[in-house]
>>> print(open('data_25.cif').read())   # mmCIF, C-alpha atoms
data_target
loop_
_atom_site.label_atom_id
_atom_site.label_comp_id
_atom_site.auth_asym_id
_atom_site.auth_seq_id
_atom_site.Cartn_x
_atom_site.Cartn_y
_atom_site.Cartn_z
CA MET A 613 42.07 44.69 111.37
CA LYS A 614 39.63 47.52 112.14
CA PRO A 615 36.77 46.78 114.57
CA PHE A 616 33.42 46.00 112.95
CA GLN A 617 31.26 48.93 111.91
CA PRO A 618 27.85 48.14 110.38
CA ASP A 619 26.74 49.51 107.03
CA LEU A 620 23.09 49.49 108.13
CA VAL A 621 21.39 49.56 111.56
CA TYR A 622 17.84 48.56 112.54
CA PHE A 623 16.08 49.23 115.84
CA GLU A 624 13.04 47.58 117.34
CA PRO A 625 10.82 50.34 118.79
CA GLY A 626 10.91 48.63 122.19
CA ALA A 627 14.70 48.81 122.29
CA LEU A 628 14.47 52.56 122.72
CA ASP A 629 12.83 52.00 126.14
CA TYR A 630 16.15 50.74 127.52
CA PRO A 631 19.23 52.84 128.35
CA LEU A 632 21.53 50.87 126.04
CA GLY A 633 19.00 51.07 123.21
CA LYS A 634 18.78 54.85 123.57
CA GLU A 635 22.56 55.12 123.74
CA LEU A 636 23.05 53.12 120.56
CA TYR A 637 20.30 55.00 118.73
CA GLU A 638 21.88 58.34 119.59
CA LYS A 639 25.33 57.05 118.63
CA PHE A 640 24.34 55.77 115.20
CA SER A 641 22.02 58.70 114.47
CA LYS A 642 25.09 60.95 114.57
CA THR A 643 26.87 58.94 111.88
CA ASP A 644 26.36 58.50 108.15
CA ILE A 645 25.17 54.91 108.72
CA PRO A 646 21.49 54.52 107.68
CA VAL A 647 19.22 53.85 110.68
CA ARG A 648 15.85 52.16 110.22
CA ILE A 649 13.01 50.96 112.44
CA THR A 650 11.79 47.35 112.29
CA LYS A 651 8.83 45.70 113.98
CA SER A 652 10.84 42.67 115.08
CA HIS A 653 14.54 41.90 115.41
CA ASN A 654 13.70 38.37 114.25
CA ARG A 655 12.40 39.41 110.85
CA ILE A 656 14.01 42.01 108.59
CA THR A 657 12.11 42.07 105.32
CA ASP A 658 13.59 45.08 103.51
CA LEU A 659 17.30 44.30 103.35
CA PRO A 660 18.79 45.75 100.14
CA GLY A 661 20.33 43.50 97.49
CA GLU A 662 19.34 42.06 94.12
CA SER A 663 20.29 38.42 94.73
CA ASP A 664 20.24 36.10 97.73
CA LEU A 665 24.03 36.17 97.82
CA GLU A 666 24.15 39.95 97.78
CA LYS A 667 21.50 40.13 100.52
CA TYR A 668 23.50 37.65 102.60
CA ARG A 669 26.66 39.75 102.35
CA ILE A 670 24.76 42.92 103.23
CA ALA A 671 23.09 41.16 106.17
CA LYS A 672 26.50 40.25 107.59
CA ARG A 673 27.22 44.00 107.70
CA THR A 674 23.88 44.83 109.33
CA LEU A 675 23.32 45.43 113.05
CA VAL A 676 19.87 44.91 114.58
CA VAL A 677 19.17 46.27 118.06
CA GLY A 678 16.33 44.53 119.85
CA VAL A 679 14.78 43.20 123.04
CA ARG A 680 15.31 39.56 124.01
CA LYS A 681 11.80 38.35 124.78
CA THR A 682 12.62 34.67 125.33
CA LEU A 683 14.33 34.47 128.72
CA LYS A 684 14.36 30.70 128.93
CA PHE A 685 18.01 29.86 128.33
CA GLU A 686 19.05 27.03 126.02
CA GLN A 687 21.32 24.32 127.35
CA SER A 688 24.93 24.58 126.17
CA LYS A 689 26.66 21.22 126.49
CA PRO A 690 29.43 20.19 126.74
CA SER A 691 31.10 23.49 127.57
CA ALA A 692 28.53 25.03 129.93
CA ASP A 693 25.12 24.66 131.56
CA TYR A 694 23.27 27.41 129.70
CA ALA A 695 23.72 29.84 126.82
CA LEU A 696 23.60 33.45 128.02
CA PRO A 697 21.87 35.41 125.22
CA LEU A 698 23.70 38.69 124.70
CA ALA A 699 23.70 38.63 120.89
CA THR A 700 22.91 36.47 117.87
CA GLY A 701 24.84 36.39 114.60
CA CYS A 702 28.40 37.24 113.66
CA MET A 703 30.13 39.55 111.23
CA GLY A 704 32.74 36.91 110.38
CA HIS A 705 32.59 34.87 107.19
CA CYS A 706 33.92 31.52 108.40
CA HIS A 707 32.96 29.10 105.63
CA TYR A 708 32.48 26.10 107.92
CA CYS A 709 30.51 27.81 110.71
CA TYR A 710 27.43 26.00 112.06
CA LEU A 711 25.62 29.35 112.18
CA GLN A 712 25.33 29.04 108.39
CA THR A 713 22.45 26.64 108.99
CA THR A 714 21.16 27.54 112.46
CA LEU A 715 20.58 31.19 111.55
CA GLY A 716 19.17 30.35 108.14
CA ASN A 717 17.99 33.50 106.38
CA ARG A 718 18.70 35.73 109.41
CA PRO A 719 22.50 36.09 109.33
CA TYR A 720 22.48 39.71 110.51
CA VAL A 721 24.01 40.63 113.86
CA ARG A 722 21.44 41.08 116.63
CA VAL A 723 22.24 42.63 120.01
CA TYR A 724 19.89 42.70 122.99
CA VAL A 725 19.53 45.74 125.21
CA ASN A 726 17.34 44.43 128.08
CA LEU A 727 20.36 43.36 130.08
CA ASP A 728 18.76 43.61 133.53
CA GLU A 729 16.01 41.21 132.46
CA ILE A 730 18.59 38.79 131.03
CA TYR A 731 20.65 39.00 134.23
CA GLY A 732 17.49 38.48 136.30
CA ALA A 733 16.79 35.27 134.42
CA ALA A 734 20.40 34.16 134.94
CA LEU A 735 20.07 34.72 138.69
CA LYS A 736 17.09 32.35 138.78
CA TYR A 737 19.16 29.61 137.17
CA ILE A 738 21.99 30.29 139.62
CA GLU A 739 19.63 30.03 142.60
CA GLU A 740 18.19 26.76 141.33
CA LYS A 741 21.61 25.10 141.18
CA LYS A 742 23.13 26.39 144.41
CA PRO A 743 25.45 25.42 146.06
CA GLN A 744 26.84 24.08 142.78
CA GLU A 745 28.20 26.56 140.26
CA THR A 746 26.18 27.49 137.18
CA VAL A 747 28.29 27.93 134.05
CA PHE A 748 27.08 30.25 131.29
CA GLU A 749 28.33 30.37 127.69
CA ALA A 750 28.08 33.81 126.06
CA ALA A 751 29.19 32.85 122.54
CA CYS A 752 26.87 30.06 121.42
CA THR A 753 25.29 32.07 118.62
CA SER A 754 27.61 35.06 118.31
CA ASP A 755 31.08 36.45 118.90
CA PRO A 756 30.51 39.00 121.68
CA VAL A 757 34.08 40.37 121.55
CA GLY A 758 33.57 41.37 117.92
CA ILE A 759 30.81 43.84 118.88
CA GLU A 760 31.99 44.81 122.37
CA HIS A 761 33.34 48.18 121.17
CA LEU A 762 29.78 49.04 120.09
CA THR A 763 27.74 47.72 123.02
CA GLY A 764 29.91 47.27 126.12
CA THR A 765 27.63 44.40 127.17
CA LEU A 766 30.35 41.79 127.57
CA ARG A 767 32.26 43.83 130.14
CA LYS A 768 29.04 44.40 132.09
CA THR A 769 28.33 40.68 131.98
CA ILE A 770 31.83 39.75 133.12
CA GLU A 771 31.44 42.04 136.12
CA PHE A 772 27.91 40.75 136.82
CA ILE A 773 29.22 37.19 136.96
CA GLY A 774 32.28 38.34 138.90
CA GLN A 775 30.03 39.40 141.76
CA ASN A 776 28.40 35.97 142.14
CA GLU A 777 30.43 33.17 143.73
CA PHE A 778 28.07 30.51 142.35
CA ALA A 779 28.36 31.61 138.71
CA ARG A 780 30.96 31.20 135.99
CA LEU A 781 31.11 32.68 132.48
CA ARG A 782 32.75 31.41 129.31
CA PHE A 783 32.97 32.80 125.81
CA VAL A 784 35.16 32.35 122.76
CA THR A 785 36.28 34.80 120.11
CA LYS A 786 38.14 35.15 116.83
CA TYR A 787 38.69 38.87 117.41
CA ALA A 788 41.57 40.73 119.02
CA ASN A 789 39.98 43.97 120.25
CA VAL A 790 40.16 42.97 123.92
CA ASP A 791 41.60 46.09 125.53
CA SER A 792 38.31 47.30 127.05
CA LEU A 793 37.96 43.97 128.89
CA LEU A 794 41.41 43.77 130.45
CA ASP A 795 40.62 45.72 133.63
CA ALA A 796 37.10 44.34 134.12
CA LYS A 797 36.48 42.96 137.62
CA HIS A 798 36.22 39.32 136.61
CA ASN A 799 37.41 37.88 139.96
CA GLY A 800 38.62 34.78 138.13
CA ARG A 801 35.07 33.71 137.28
CA THR A 802 35.25 34.21 133.50
CA ARG A 803 37.19 31.89 131.22
CA PHE A 804 38.35 33.90 128.21
CA ARG A 805 38.81 31.58 125.23
CA PHE A 806 40.19 32.17 121.76
CA SER A 807 39.35 30.20 118.64
CA VAL A 808 42.62 29.41 116.89
CA ASN A 809 43.68 27.11 114.09
CA ALA A 810 46.39 26.16 111.65
CA ASN A 811 47.46 29.00 109.39
CA TYR A 812 46.01 27.22 106.33
CA VAL A 813 42.54 27.11 107.92
CA VAL A 814 42.58 30.72 109.13
CA LYS A 815 43.75 32.11 105.78
CA ASN A 816 41.39 30.10 103.59
CA PHE A 817 38.22 29.76 105.65
CA GLU A 818 37.99 32.63 108.17
CA PRO A 819 37.52 35.92 106.27
CA ALA A 820 36.53 39.04 108.23
CA THR A 821 38.12 37.79 111.47
CA SER A 822 41.30 38.91 113.21
CA PRO A 823 44.54 37.42 111.86
CA LEU A 824 45.92 34.51 113.87
CA GLU A 825 48.92 36.50 115.10
CA ASP A 826 46.62 39.24 116.43
CA ARG A 827 44.52 36.67 118.32
CA ILE A 828 47.60 35.13 119.89
CA ASN A 829 48.89 38.58 120.93
CA ALA A 830 45.47 39.36 122.40
CA ALA A 831 45.59 36.09 124.33
CA GLY A 832 48.85 37.26 125.87
CA LYS A 833 47.17 40.45 127.07
CA VAL A 834 44.24 38.52 128.51
CA ALA A 835 46.57 36.15 130.35
CA LYS A 836 48.38 39.10 131.95
CA ALA A 837 44.98 40.41 133.09
CA GLY A 838 44.56 37.27 135.19
CA TYR A 839 41.69 35.62 133.34
CA PRO A 840 41.48 31.81 133.29
CA MET A 841 42.37 30.99 129.68
CA GLY A 842 41.11 28.61 127.04
CA PHE A 843 41.57 27.76 123.39
CA ILE A 844 39.19 26.10 120.99
CA ILE A 845 41.02 24.53 118.07
CA ALA A 846 38.24 24.03 115.57
CA PRO A 847 37.62 22.76 113.07
CA ILE A 848 40.75 20.63 112.99
CA MET A 849 41.34 19.65 109.37
CA ILE A 850 43.54 17.21 107.52
CA PHE A 851 45.42 18.82 104.65
CA GLU A 852 48.94 18.62 103.26
CA GLY A 853 51.31 19.50 106.08
CA TRP A 854 48.62 19.58 108.77
CA GLU A 855 50.79 17.99 111.46
CA GLU A 856 53.51 20.62 111.08
CA GLN A 857 51.07 23.53 110.97
CA TYR A 858 49.29 22.48 114.17
CA GLN A 859 52.68 22.06 115.84
CA ASP A 860 53.59 25.58 114.70
CA LEU A 861 50.33 26.85 116.22
CA LEU A 862 51.07 25.29 119.62
CA ASP A 863 54.64 26.58 119.45
CA LYS A 864 53.40 30.15 118.94
CA LEU A 865 50.87 29.83 121.76
CA ARG A 866 53.54 28.58 124.13
CA GLU A 867 55.87 31.43 123.18
CA LYS A 868 53.17 34.00 124.03
CA LEU A 869 51.87 32.24 127.17
CA PRO A 870 54.95 30.82 128.89
CA THR A 871 53.68 31.00 132.47
CA VAL A 872 49.91 30.44 132.19
CA ASN A 873 48.71 27.63 134.44
CA ASP A 874 44.91 27.74 134.27
CA ILE A 875 44.32 26.82 130.64
CA THR A 876 41.94 24.52 128.76
CA PHE A 877 41.79 23.17 125.23
CA GLU A 878 38.67 22.11 123.32
CA LEU A 879 39.32 20.10 120.16
CA ILE A 880 36.71 19.77 117.41
CA THR A 881 37.36 18.06 114.08
CA HIS A 882 35.78 19.24 110.85
CA ARG A 883 32.30 17.91 110.11
CA PHE A 884 29.37 19.00 107.97
CA THR A 885 25.79 18.16 107.09
CA LYS A 886 24.25 18.01 103.60
CA THR A 887 22.25 21.14 104.40
CA ALA A 888 25.36 22.98 105.51
CA LYS A 889 27.27 21.85 102.44
CA ASN A 890 24.57 23.22 100.11
CA ILE A 891 24.41 26.55 101.92
CA ILE A 892 28.19 26.92 102.09
CA GLU A 893 28.61 26.23 98.37
CA GLN A 894 25.92 28.80 97.56
CA ARG A 895 27.37 31.52 99.80
CA TYR A 896 31.05 30.79 99.14
CA PRO A 897 31.13 29.29 95.65
CA LYS A 898 34.95 29.39 95.47
CA THR A 899 35.52 27.77 98.87
CA LYS A 900 38.37 25.28 99.22
CA LEU A 901 36.51 23.36 101.92
CA VAL A 902 36.69 19.62 101.26
CA MET A 903 33.19 18.19 101.74
CA GLU A 904 33.21 14.84 99.96
CA GLU A 905 30.53 12.71 101.58
CA GLU A 906 31.83 9.43 100.12
CA VAL A 907 35.15 9.62 102.01
CA ARG A 908 33.59 10.53 105.35
CA LYS A 909 31.87 8.53 108.05
CA LYS A 910 28.18 9.15 108.80
CA LYS A 911 27.39 10.12 112.35
CA TRP A 912 23.87 10.54 113.66
CA GLY A 913 23.32 13.79 115.54
CA PRO A 914 20.43 15.30 117.51
CA TYR A 915 17.00 15.56 115.87
CA GLY A 916 17.88 12.89 113.28
CA ARG A 917 20.53 14.97 111.52
CA THR A 918 23.38 13.17 109.83
CA LYS A 919 26.87 14.60 110.10
CA TYR A 920 29.82 13.63 107.96
CA VAL A 921 32.95 13.25 110.08
CA TYR A 922 36.43 11.91 109.42
CA GLN A 923 36.92 8.17 109.24
CA ASP A 924 38.01 6.45 112.47
CA ALA A 925 41.66 6.18 111.44
CA HIS A 926 41.86 9.88 110.65
CA MET A 927 40.07 10.79 113.89
CA GLN A 928 42.54 8.70 115.87
CA ALA A 929 45.52 10.28 114.09
CA ILE A 930 44.22 13.78 114.86
CA LYS A 931 43.47 12.91 118.48
CA GLU A 932 46.90 11.40 119.13
CA HIS A 933 48.77 14.22 117.38
CA MET A 934 46.92 17.05 119.12
CA LYS A 935 47.12 15.32 122.52
CA GLN A 936 50.86 14.85 122.13
CA LEU A 937 51.35 18.49 121.14
CA ILE A 938 49.29 19.91 123.98
CA GLU A 939 50.91 17.67 126.59
CA GLY A 940 54.32 18.66 125.26
CA TYR A 941 53.77 22.42 125.15
CA PHE A 942 51.23 22.81 127.98
CA PRO A 943 51.63 19.86 130.37
CA GLN A 944 49.52 21.68 132.96
CA ALA A 945 46.56 22.18 130.58
CA GLU A 946 43.26 20.34 130.59
CA ILE A 947 41.87 18.92 127.34
CA SER A 948 38.17 19.47 128.01
CA TYR A 949 36.99 17.27 125.16
CA PHE A 950 37.81 15.94 121.71
CA THR A 951 35.10 15.38 119.15
#
>>> encode(input="data_25.cif", output="structure tokens")
Amino acid sequence: MKPFQPDLVYFEPGALDYPLGKELYEKFSKTDIPVRITKSHNRITDLPGESDLEKYRIAKRTLVVGVRKTLKFEQSKPSADYALPLATGCMGHCHYCYLQTTLGNRPYVRVYVNLDEIYGAALKYIEEKKPQETVFEAACTSDPVGIEHLTGTLRKTIEFIGQNEFARLRFVTKYANVDSLLDAKHNGRTRFRFSVNANYVVKNFEPATSPLEDRINAAGKVAKAGYPMGFIIAPIMIFEGWEEQYQDLLDKLREKLPTVNDITFELITHRFTKTAKNIIEQRYPKTKLVMEEEVRKKKWGPYGRTKYVYQDAHMQAIKEHMKQLIEGYFPQAEISYFT
């Protein structure tokens, strides 16, 4: 799979006051990709497209370069203390993704160029928590590996965290273009995680992401580079043959990572909200996602939102099966959480 290249690029005027903003402007100005100026990275009003669906698909191929003005970091439980805002939005088309609702009508990919200001804010959080470690998550609202070949910001961030003994970094990706990160000076302070799943889920619900085999091969490279490793298996789904396919996944991971000791697993079952269901069916009208509310269990989430999760018996079956697989293939691994 070729690395992402946008079909359209927007710049906030203020982004050109920063070295990375200038660099990106010069880079894209030398290509055939249309470059436009926008008042705010939060509001693009002139995206081309006749219908909402066409505009959505064009937005997913649009890069917006801006300045992150809000330097108060959001909490990022359970995986970290705070979200580190390097980018917002993703070029992938994962049908089930929670960004379908959280990003609303702004699904374009935004990158932030005021890195020193972002790092300065991070240092304040680190100082507040000393001598305890502060853990930052860099992939709450984006996939930073998917745009690293354009920006280089993830490598800089890895090395920034690598210099601070009281800080740790985490991120997760569905992309395999990791080569530029392999020799970064991470000093063991960044946990490099891959989002993986059963072959059925990857093939049917994760368009515009790296194939599963490529992700697993990339994980092998990252392990050799000495990074602490992690895998998010999400969303875990029940379908015909699901037990065998998840076993096959763990078998392939073990084959590629035979000697990795520092490894974590995060397990998240499939769930959806009514809002998400409506948006998903509009944007992916042929999706095979099973979202039947009447066969699910209601679960109250934050802010009064209702999620539809698997019934207790199905949840228990998934939990026991995945736990057995992980303990069998990776007895040294930590299962961070199951939800």
>>> closest_residue(input="data_25.cif", among="A:Ile759, A:Val907, A:Val621, A:Val723", to="A:Glu638", atoms="all atoms listed in the file")
A:Val621
>>> closest_residue(input="data_25.cif", among="A:Thr951, A:Ser807, A:Thr765, A:Thr899", to="A:Tyr731", atoms="all atoms listed in the file")
A:Thr765
>>> residues_around(input="data_25.cif", residues="A:Asn654", least_positions_apart="4", cutoff="10 Å", atoms="all atoms listed in the file", output="count of residues only")
8
>>> closest_residue(input="data_25.cif", among="A:Pro870, A:Lys909, A:Tyr839, A:Ile880", to="A:Pro690", atoms="all atoms listed in the file")
A:Ile880
>>> resolve_selection(input="data_25.cif", expression="the PyMOL selection byres ((chain A and resi 750-752) around 8)", output="PyMOL selection string")
chain A and resi 688+695-698+748-749+753-756+781-785
>>> residues_near_point(input="data_25.cif", point="(21.2, 42.4, 107.2)", cutoff="12 Å", atoms="only C-alpha atoms", output="PyMOL selection string")
chain A and resi 618-622+648+650+653-661+664-677+701-703+717-722
>>> resolve_selection(input="data_25.cif", expression="the PyMOL selection byres ((chain A and resi 842-852) around 6)", output="PyMOL selection string")
chain A and resi 805-809+841+853-854+875-882
>>> atom_distance(input="data_25.cif", atom1="atom CA of A:Leu937", atom2="atom CA of A:Val813")
18.1 Å
>>> residues_around(input="data_25.cif", residues="A:Arg780", least_positions_apart="6", cutoff="8 Å", atoms="all atoms listed in the file", output="NGL selection string")
:A and (745-748 or 773-774 or 801-803)
>>> resolve_selection(input="data_25.cif", expression="the PyMOL selection byres ((chain A and resi 796) around 12)", output="list in words")
Gly764, Thr765, Leu766, Arg767, Lys768, Thr769, Ile770, Glu771, Phe772, Ile773, Gly774, Gln775, Val790, Asp791, Ser792, Leu793, Leu794, Asp795, Lys797, His798, Asn799, Gly800, Arg801, Thr802, Val834, Ala837, Gly838 and Tyr839 of chain A
>>> closest_residue(input="data_25.cif", among="A:Thr714, A:Gly758, A:Lys639, A:Gly913", to="A:Thr887", atoms="only C-alpha atoms")
A:Thr714
>>> atom_distance(input="data_25.cif", atom1="atom CA of A:Ala779", atom2="atom CA of A:Asp629")
28.5 Å
